[in-house]
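Structure file entry_7.csv (CSV, C-alpha atoms) is printed below.
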```csv
chain,number,residue,atom,x,y,z
A,6,MET,CA,-28.6,18.1,12.6
A,7,ARG,CA,-26.6,15.3,10.9
A,8,LYS,CA,-28.3,12.0,10.5
A,9,GLU,CA,-25.1,10.1,11.3
A,10,TRP,CA,-25.1,11.6,14.8
A,11,LEU,CA,-28.1,9.6,15.7
A,12,GLU,CA,-26.5,6.4,14.2
A,13,ARG,CA,-23.0,6.6,15.6
A,14,ASP,CA,-21.9,6.5,19.2
A,15,TYR,CA,-18.7,8.6,19.2
A,16,TYR,CA,-18.1,8.0,22.9
A,17,LYS,CA,-18.0,4.2,22.2
A,18,THR,CA,-15.7,4.8,19.3
A,19,LEU,CA,-13.2,6.5,21.6
A,20,GLY,CA,-13.9,4.2,24.5
A,21,VAL,CA,-14.8,6.9,27.0
A,22,ASP,CA,-17.8,7.7,29.1
A,23,LYS,CA,-20.4,10.3,28.2
A,24,ASP,CA,-19.2,12.5,31.1
A,25,ALA,CA,-15.5,12.2,30.2
A,26,SER,CA,-13.4,15.3,30.5
A,27,ASP,CA,-11.9,17.1,27.5
A,28,LYS,CA,-8.5,15.9,28.7
A,29,ALA,CA,-9.6,12.3,28.9
A,30,ILE,CA,-11.2,12.5,25.4
A,31,LYS,CA,-8.0,14.0,23.9
A,32,LYS,CA,-5.8,11.3,25.6
A,33,ALA,CA,-8.0,8.5,24.3
A,34,PHE,CA,-8.0,9.9,20.8
A,35,ARG,CA,-4.2,10.2,20.7
A,36,GLN,CA,-3.7,6.6,22.0
A,37,LEU,CA,-6.2,5.2,19.5
A,38,ALA,CA,-4.9,7.3,16.6
A,39,GLN,CA,-1.4,6.1,17.3
A,40,GLN,CA,-2.4,2.4,17.6
A,41,ASN,CA,-4.6,2.4,14.5
A,42,HIS,CA,-2.5,4.7,12.2
A,43,PRO,CA,-2.4,3.1,8.7
A,44,ASP,CA,1.4,3.6,8.6
A,45,ALA,CA,1.8,1.4,11.7
A,46,ASN,CA,-0.7,-1.2,10.5
A,47,LYS,CA,0.3,-1.7,6.8
A,48,ASP,CA,-0.7,-5.4,6.9
A,49,ASP,CA,-4.2,-4.6,8.4
A,50,ALA,CA,-6.7,-3.6,5.6
A,51,THR,CA,-9.2,-2.4,8.2
A,52,ALA,CA,-6.8,0.0,10.0
A,53,GLU,CA,-7.6,2.9,7.7
A,54,ALA,CA,-11.3,2.7,8.3
A,55,ARG,CA,-10.8,2.5,12.0
A,56,PHE,CA,-8.5,5.5,11.9
A,57,LYS,CA,-11.1,7.5,10.0
A,58,ASP,CA,-13.8,6.6,12.5
A,59,ILE,CA,-11.6,7.7,15.4
A,60,ASN,CA,-10.8,11.0,13.7
A,61,GLU,CA,-14.5,11.6,12.9
A,62,ALA,CA,-15.4,10.9,16.6
A,63,TYR,CA,-12.8,13.3,17.8
A,64,GLU,CA,-13.8,16.0,15.4
A,65,VAL,CA,-17.1,16.2,17.2
A,66,LEU,CA,-16.2,15.3,20.8
A,67,GLY,CA,-12.9,17.3,20.7
A,68,ASP,CA,-14.9,20.5,20.1
A,69,SER,CA,-16.9,21.6,23.1
A,70,THR,CA,-19.6,23.4,21.0
A,71,ARG,CA,-20.1,20.5,18.6
A,72,ARG,CA,-20.0,18.0,21.5
A,73,ALA,CA,-22.9,19.9,23.1
A,74,GLU,CA,-24.9,19.8,19.9
A,75,TYR,CA,-24.1,16.1,19.4
A,76,ASP,CA,-25.3,15.3,23.0
A,77,LYS,CA,-28.5,17.3,22.4
A,78,VAL,CA,-29.3,15.5,19.2
A,79,ARG,CA,-28.7,12.1,20.7
A,80,ALA,CA,-30.8,13.0,23.8
A,81,MET,CA,-33.7,14.1,21.6
A,82,GLY,CA,-33.7,11.0,19.5
A,83,TYR,CA,-36.3,8.4,20.4
A,84,PHE,CA,-37.4,4.9,19.1
A,85,SER,CA,-40.8,4.5,17.7
A,86,GLY,CA,-42.6,1.3,18.5
A,87,GLY,CA,-45.5,1.8,16.1
A,88,ALA,CA,-46.4,-0.5,13.2
A,89,GLY,CA,-43.9,-0.3,10.4
A,90,GLY,CA,-41.6,1.7,12.6
A,91,ALA,CA,-40.4,-0.7,15.3
A,92,GLY,CA,-36.9,0.0,16.3
A,93,GLN,CA,-36.6,3.0,13.9
A,94,GLN,CA,-34.9,6.0,15.5
A,95,GLN,CA,-36.7,9.3,15.0
A,96,VAL,CA,-36.3,12.9,16.2
A,97,ARG,CA,-38.8,15.7,16.6
A,98,VAL,CA,-37.7,18.5,14.2
A,99,GLU,CA,-39.2,21.2,16.4
A,100,ASP,CA,-37.1,20.0,19.3
A,101,LEU,CA,-33.9,20.0,17.3
A,102,PHE,CA,-34.4,23.6,16.2
A,103,GLY,CA,-35.8,25.0,19.4
A,104,GLY,CA,-39.4,25.4,18.4
A,105,ALA,CA,-42.0,26.3,21.0
A,106,ALA,CA,-44.6,23.7,22.1
A,107,GLY,CA,-47.4,23.8,19.6
A,108,GLY,CA,-45.5,25.9,17.1
A,109,SER,CA,-44.6,25.0,13.6
A,110,PRO,CA,-41.0,23.8,12.9
A,111,PHE,CA,-41.1,26.0,9.8
A,112,ASP,CA,-41.1,29.0,12.1
A,113,LEU,CA,-37.4,28.5,12.2
A,114,PHE,CA,-37.0,30.3,8.9
A,115,GLY,CA,-38.9,33.3,10.1
A,116,GLY,CA,-41.3,33.5,7.1
A,117,LEU,CA,-40.2,32.1,3.8
A,118,THR,CA,-42.6,34.3,1.8
A,119,ASP,CA,-39.8,36.9,1.8
A,120,ILE,CA,-36.9,34.6,0.9
A,121,PHE,CA,-35.7,37.1,-1.7
A,122,GLY,CA,-35.9,40.0,0.8
A,123,ARG,CA,-34.0,41.5,3.7
A,124,GLN,CA,-35.4,39.1,6.3
A,125,ALA,CA,-34.0,35.9,4.7
A,126,THR,CA,-30.7,37.6,3.9
A,127,SER,CA,-30.2,38.6,7.5
A,128,ARG,CA,-30.2,34.9,8.6
A,129,ARG,CA,-27.2,34.0,6.4
A,130,THR,CA,-24.5,32.9,8.8
A,131,PRO,CA,-21.0,31.6,8.1
A,132,GLY,CA,-20.0,28.1,9.2
A,133,ARG,CA,-18.0,27.3,12.3
A,134,ASP,CA,-14.2,26.7,12.2
A,135,LEU,CA,-13.3,23.1,12.9
A,136,THR,CA,-10.2,21.8,14.7
A,137,THR,CA,-8.7,18.3,14.4
A,138,GLU,CA,-5.4,16.6,15.1
A,139,LEU,CA,-3.0,14.8,12.8
A,140,GLY,CA,-0.2,12.5,13.8
A,141,LEU,CA,3.0,12.6,11.8
A,142,THR,CA,6.3,10.7,12.1
A,143,PHE,CA,9.5,12.6,12.7
A,144,HIS,CA,10.6,12.2,9.1
A,145,GLN,CA,7.2,13.2,7.7
A,146,ALA,CA,7.3,16.4,9.6
A,147,ILE,CA,10.9,17.1,8.4
A,148,SER,CA,10.3,16.4,4.7
A,149,GLY,CA,6.6,17.5,4.4
A,150,VAL,CA,3.7,15.3,3.3
A,151,THR,CA,0.2,15.5,1.9
A,152,ARG,CA,-2.4,13.6,3.9
A,153,GLU,CA,-6.1,12.9,3.4
A,154,MET,CA,-8.5,13.4,6.3
A,155,ASN,CA,-12.2,12.6,6.6
A,156,ILE,CA,-14.0,15.8,7.8
A,157,ASP,CA,-17.8,15.8,8.1
A,158,GLY,CA,-18.0,13.0,5.6
A,159,GLN,CA,-15.9,14.6,3.0
A,160,THR,CA,-12.3,13.9,2.1
A,161,VAL,CA,-10.0,16.8,2.6
A,162,LYS,CA,-6.4,16.9,1.4
A,163,VAL,CA,-4.1,18.6,3.9
A,164,ARG,CA,-0.6,19.7,2.7
A,165,ILE,CA,1.9,19.7,5.5
A,166,PRO,CA,4.9,21.9,4.7
A,167,LYS,CA,8.4,20.5,5.3
A,168,GLY,CA,10.0,21.4,8.6
A,169,VAL,CA,6.7,21.7,10.5
A,170,ALA,CA,7.1,21.6,14.3
A,171,ASP,CA,5.0,19.7,16.9
A,172,GLY,CA,1.9,21.7,17.9
A,173,THR,CA,1.7,23.7,14.7
A,174,ARG,CA,-1.8,24.7,13.6
A,175,ILE,CA,-2.3,24.5,9.8
A,176,ARG,CA,-5.3,26.4,8.3
A,177,VAL,CA,-7.2,24.9,5.4
A,178,LYS,CA,-9.5,27.6,4.2
A,179,GLY,CA,-13.2,26.8,3.5
A,180,LYS,CA,-13.0,23.2,4.8
A,181,GLY,CA,-14.8,23.8,8.1
A,182,ALA,CA,-18.5,23.5,8.8
A,183,SER,CA,-20.9,24.7,6.1
A,184,GLY,CA,-22.7,28.0,6.5
A,185,THR,CA,-26.5,28.4,6.5
A,186,MET,CA,-28.7,30.3,4.0
A,187,GLY,CA,-25.7,30.6,1.6
A,188,GLY,CA,-23.2,31.6,4.3
A,189,THR,CA,-19.5,30.9,3.6
A,190,ALA,CA,-18.0,27.7,5.1
A,191,GLY,CA,-15.7,27.9,8.1
A,192,ASP,CA,-12.0,27.0,8.1
A,193,LEU,CA,-10.4,23.8,9.2
A,194,TYR,CA,-7.4,24.0,11.6
A,195,VAL,CA,-5.2,20.9,11.7
A,196,VAL,CA,-3.0,20.6,14.9
A,197,VAL,CA,0.1,18.6,14.1
A,198,ASN,CA,1.5,16.0,16.6
A,199,VAL,CA,5.0,15.0,15.6
A,200,GLY,CA,6.5,11.7,16.8
A,201,THR,CA,9.9,11.4,18.4
A,202,HIS,CA,13.2,10.1,16.8
A,203,PRO,CA,15.5,7.6,18.5
A,204,ILE,CA,18.6,9.8,17.8
A,205,PHE,CA,17.6,13.4,16.9
A,206,GLU,CA,15.4,15.9,18.7
A,207,ARG,CA,14.3,19.3,17.6
A,208,SER,CA,15.9,22.3,19.2
A,209,GLY,CA,14.0,25.5,18.5
A,210,LYS,CA,12.5,26.0,15.1
A,211,ARG,CA,15.3,24.8,12.7
A,212,ASP,CA,18.1,23.2,14.7
A,213,LEU,CA,18.5,19.5,15.5
A,214,ARG,CA,20.3,18.1,18.6
A,215,LEU,CA,21.9,14.7,19.2
A,216,THR,CA,24.2,13.3,21.9
A,217,ALA,CA,27.5,11.7,20.8
A,218,PRO,CA,29.4,9.5,23.3
A,219,ILE,CA,33.2,9.8,23.3
A,220,THR,CA,35.8,8.0,25.4
A,221,PHE,CA,37.9,9.5,28.1
A,222,ALA,CA,41.0,9.2,25.8
A,223,GLU,CA,39.2,10.9,22.9
A,224,ALA,CA,38.2,13.8,25.2
A,225,THR,CA,41.7,14.1,26.6
A,226,LEU,CA,43.8,13.6,23.5
A,227,GLY,CA,41.3,14.8,20.8
A,228,ALA,CA,39.9,12.8,18.0
A,229,ASP,CA,38.0,12.8,14.7
A,230,ILE,CA,34.6,11.2,15.1
A,231,THR,CA,31.7,10.4,12.7
A,232,VAL,CA,28.2,11.6,13.5
A,233,PRO,CA,24.9,11.0,11.6
A,234,THR,CA,22.8,13.7,10.0
A,235,LEU,CA,19.4,13.6,8.3
A,236,GLU,CA,21.4,13.1,5.1
A,237,GLY,CA,24.3,10.9,5.6
A,238,THR,CA,27.2,11.4,8.0
A,239,VAL,CA,29.8,14.1,8.8
A,240,LYS,CA,33.2,14.2,10.4
A,241,LEU,CA,33.5,16.2,13.6
A,242,ARG,CA,36.8,17.2,15.2
A,243,ILE,CA,37.0,16.8,18.9
A,244,PRO,CA,39.9,19.0,20.2
A,245,PRO,CA,42.1,17.9,23.1
A,246,GLY,CA,40.8,18.6,26.5
A,247,THR,CA,37.1,18.6,25.5
A,248,ALA,CA,34.8,18.7,28.6
A,249,HIS,CA,31.8,16.5,29.2
A,250,GLY,CA,28.6,18.1,27.8
A,251,LYS,CA,30.3,20.5,25.4
A,252,THR,CA,28.2,21.3,22.3
A,253,PHE,CA,29.5,21.5,18.8
A,254,ARG,CA,27.7,23.1,15.9
A,255,VAL,CA,27.6,21.6,12.4
A,256,ALA,CA,26.3,24.4,10.2
A,257,GLY,CA,23.5,23.7,7.7
A,258,ARG,CA,22.7,20.1,8.8
A,259,GLY,CA,19.4,20.9,10.7
A,260,VAL,CA,15.8,21.3,9.4
A,261,VAL,CA,15.1,22.9,6.1
A,262,GLY,CA,11.9,25.0,6.0
A,263,VAL,CA,9.9,26.0,3.0
A,264,THR,CA,11.3,29.5,2.7
A,265,GLU,CA,14.1,29.6,5.2
A,266,THR,CA,17.7,28.4,5.2
A,267,ALA,CA,18.6,25.1,6.9
A,268,GLY,CA,19.2,25.1,10.6
A,269,ASP,CA,22.3,23.6,12.3
A,270,LEU,CA,23.0,20.2,13.9
A,271,LEU,CA,24.0,20.6,17.6
A,272,VAL,CA,26.2,17.7,18.8
A,273,VAL,CA,26.5,17.3,22.6
A,274,VAL,CA,29.4,15.1,23.6
A,275,GLU,CA,29.1,12.7,26.5
A,276,ILE,CA,32.2,11.2,28.0
A,277,VAL,CA,31.7,7.5,28.6
A,278,VAL,CA,33.4,6.2,31.8
A,279,PRO,CA,34.5,2.6,31.6
A,280,LYS,CA,32.9,0.2,34.1
A,281,GLU,CA,35.6,-2.4,34.0
A,282,LEU,CA,39.4,-2.1,33.7
A,283,THR,CA,42.3,-4.5,33.4
A,284,ASP,CA,45.0,-4.4,36.0
A,285,GLU,CA,47.3,-2.7,33.5
A,286,GLN,CA,44.7,0.0,32.7
A,287,ARG,CA,44.0,0.6,36.3
A,288,ALA,CA,47.7,1.0,37.1
A,289,LEU,CA,48.1,3.5,34.3
A,290,LEU,CA,45.1,5.5,35.4
A,291,GLU,CA,46.3,5.6,39.0
A,292,LYS,CA,49.7,6.8,37.8
A,293,PHE,CA,47.9,9.5,35.8
A,294,ARG,CA,45.8,10.5,38.8
A,295,ASP,CA,48.8,10.8,41.1
A,296,ASN,CA,50.8,12.8,38.5
A,297,GLY,CA,47.9,14.7,36.9
A,298,PRO,CA,48.8,18.0,35.3
A,299,ASP,CA,46.0,20.0,36.9
A,300,GLY,CA,46.5,19.0,40.5
A,301,ASP,CA,43.4,19.0,42.7
A,302,PRO,CA,40.3,20.1,40.6
A,303,ARG,CA,38.4,21.0,43.8
A,304,ALA,CA,41.0,23.2,45.4
A,305,HIS,CA,38.9,26.3,44.8
A,306,LEU,CA,36.2,24.9,47.0
A,307,GLY,CA,38.4,25.4,50.1
A,308,VAL,CA,37.7,21.9,51.6
```
Target format structure tokens, applied to this file:
Amino acid sequence: MRKEWLERDYYKTLGVDKDASDKAIKKAFRQLAQQNHPDANKDDATAEARFKDINEAYEVLGDSTRRAEYDKVRAMGYFSGGAGGAGQQQVRVEDLFGGAAGGSPFDLFGGLTDIFGRQATSRRTPGRDLTTELGLTFHQAISGVTREMNIDGQTVKVRIPKGVADGTRIRVKGKGASGTMGGTAGDLYVVVNVGTHPIFERSGKRDLRLTAPITFAEATLGADITVPTLEGTVKLRIPPGTAHGKTFRVAGRGVVGVTETAGDLLVVVEIVVPKELTDEQRALLEKFRDNGPDGDPRAHLGV
């Protein structure tokens, strides 16, 4: 097993106990990854190293199979107190590979005298697939980005296509765990976690949604309002008599995918009710109420 597993306490890196649940480990990873992301700590030269350590720890503890192997390796390690070896951590090879008591650790290979024959070939196994998580800002997910990740001590470039949605799994072929006896490497699966935006939110795969406040007068009389998009602003016509919560669609101003056409921008209008009125405004509203064109809006309730 990897030497670094004996040297690094991944539980300590994530700040969790050794018996922590998978959910607790994932929660700790997400919090630490967000706090130590290099984009959020541009003035901290050590943030990138901490971020890589956090990802490395989660790559092991976030995978139940690898976590079990890690715990086994750590449990079998011991400190030798002999001369010249005080404080040096060692591990019994036969224990690591499941050798029987009194047996040779080289029995693991089932007889190397026939390494060019059928027996050795039959032990060739592919590497495991690995899964990790990658945090992106809202704009990075919209525009696409290439990020470098530390996977098992090697730097892997991961290309995130534009328009990727939260929770998307991206496959990087051949960047998982190495195979044994010449077996092919597994694949790496990167789960994307997309941050929120203060104005926009995703609606389905390609649409964007935003809420635009309008006044009572604008809703009643109609108006032309300006709303933001990902690329500048657009004018939106509010027709007279617009109801609270009505959704308007601005075609082609949503998310653009790699091979798909752009989605739409959905604008939900929200009528803002004034909290304070002047005496003149109140008098005008009371007159409007008493002489409203629609009469009692609750007449159909029969009360």
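CA of Leu270 in chain A sits 6.5 Å away from CA of Ala256 in chain A.
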Problem set entry | Ile276 in chain A environment, 9 Å, all atoms listed in the file, sequence neighbours closer than 5 positions dropped, as a ChimeraX atom specification | /A:217-221,223-224,248-250
Exercise. Contacts of Arg174 in chain A at 8 Å or less, counting all atoms listed in the file, minus same-chain residues fewer than 2 places along, as a PyMOL selection string?
Worked result: chain A and resi 172+176+194-197
Exercise. Near Thr142 in chain A, counting all atoms listed in the file, which residues have an atom at most 7 Å away, once you skip same-chain residues fewer than 3 positions from it, shown as a VMD selection string?
Worked result: chain A and resid 145 to 146 199 to 200
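CA of Gly268 in chain A is found 8.1 Å from CA of Lys210 in chain A.
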Problem set entry | Straight-line distance linking CA of Val273 in chain A with CA of Val255 in chain A, stated in Å to one decimal | 11.1 Å
Range 122-184 of chain A residues near range 40-60 of chain A within 12 Å, closest pair each, using only C-alpha atoms, as CSV:
```
residue,atom,partner,partner_atom,distance
A:Thr136,CA,A:Asn60,CA,10.9
A:Thr137,CA,A:Asn60,CA,7.6
A:Glu138,CA,A:Asn60,CA,7.9
A:Leu139,CA,A:Asn60,CA,8.7
A:Gly140,CA,A:His42,CA,8.3
A:Leu141,CA,A:His42,CA,9.6
A:Thr142,CA,A:Asp44,CA,9.3
A:Gln145,CA,A:Asp44,CA,11.3
A:Arg152,CA,A:Pro43,CA,11.5
A:Glu153,CA,A:Lys57,CA,9.9
A:Met154,CA,A:Lys57,CA,7.4
A:Asn155,CA,A:Lys57,CA,6.2
A:Ile156,CA,A:Asn60,CA,8.3
A:Asp157,CA,A:Asn60,CA,10.2
A:Gly158,CA,A:Lys57,CA,9.9
A:Gln159,CA,A:Lys57,CA,11.1
A:Thr160,CA,A:Lys57,CA,10.2
A:Val161,CA,A:Lys57,CA,11.9
```
Seminar exercise, completed: Among A:His144, A:Lys280, A:Lys23, A:Arg258, Ala73 in chain A is approached most closely, using only C-alpha atoms, by A:Lys23
Seminar exercise, completed: With distances taken over all atoms listed in the file, the candidate from A:Leu306, A:Val239, A:Val65, A:Leu37 nearest Tyr15 in chain A is A:Val65
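Here the question is which of A:Leu241, A:Ala222, A:Ala170, A:Val261 gets nearest to Val277 in chain A using all atoms listed in the file, and that residue is A:Ala222.
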Problem set entry | Residue nearest Lys17 in chain A - candidates A:Gln36, A:Leu66, A:Lys77, A:Ile230, atoms counted: all atoms listed in the file | A:Leu66
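Of the residues listed (A:Thr201, A:Gln39, A:Thr185, A:Thr216), A:Thr216 shows the shortest atom-to-atom separation from Phe253 in chain A; distances use only C-alpha atoms.
Closest approach to Gly259 in chain A from the set A:Ile147, A:Leu193, A:Ala182, A:Ile243 is made by A:Ile147, with distances taken over only C-alpha atoms.
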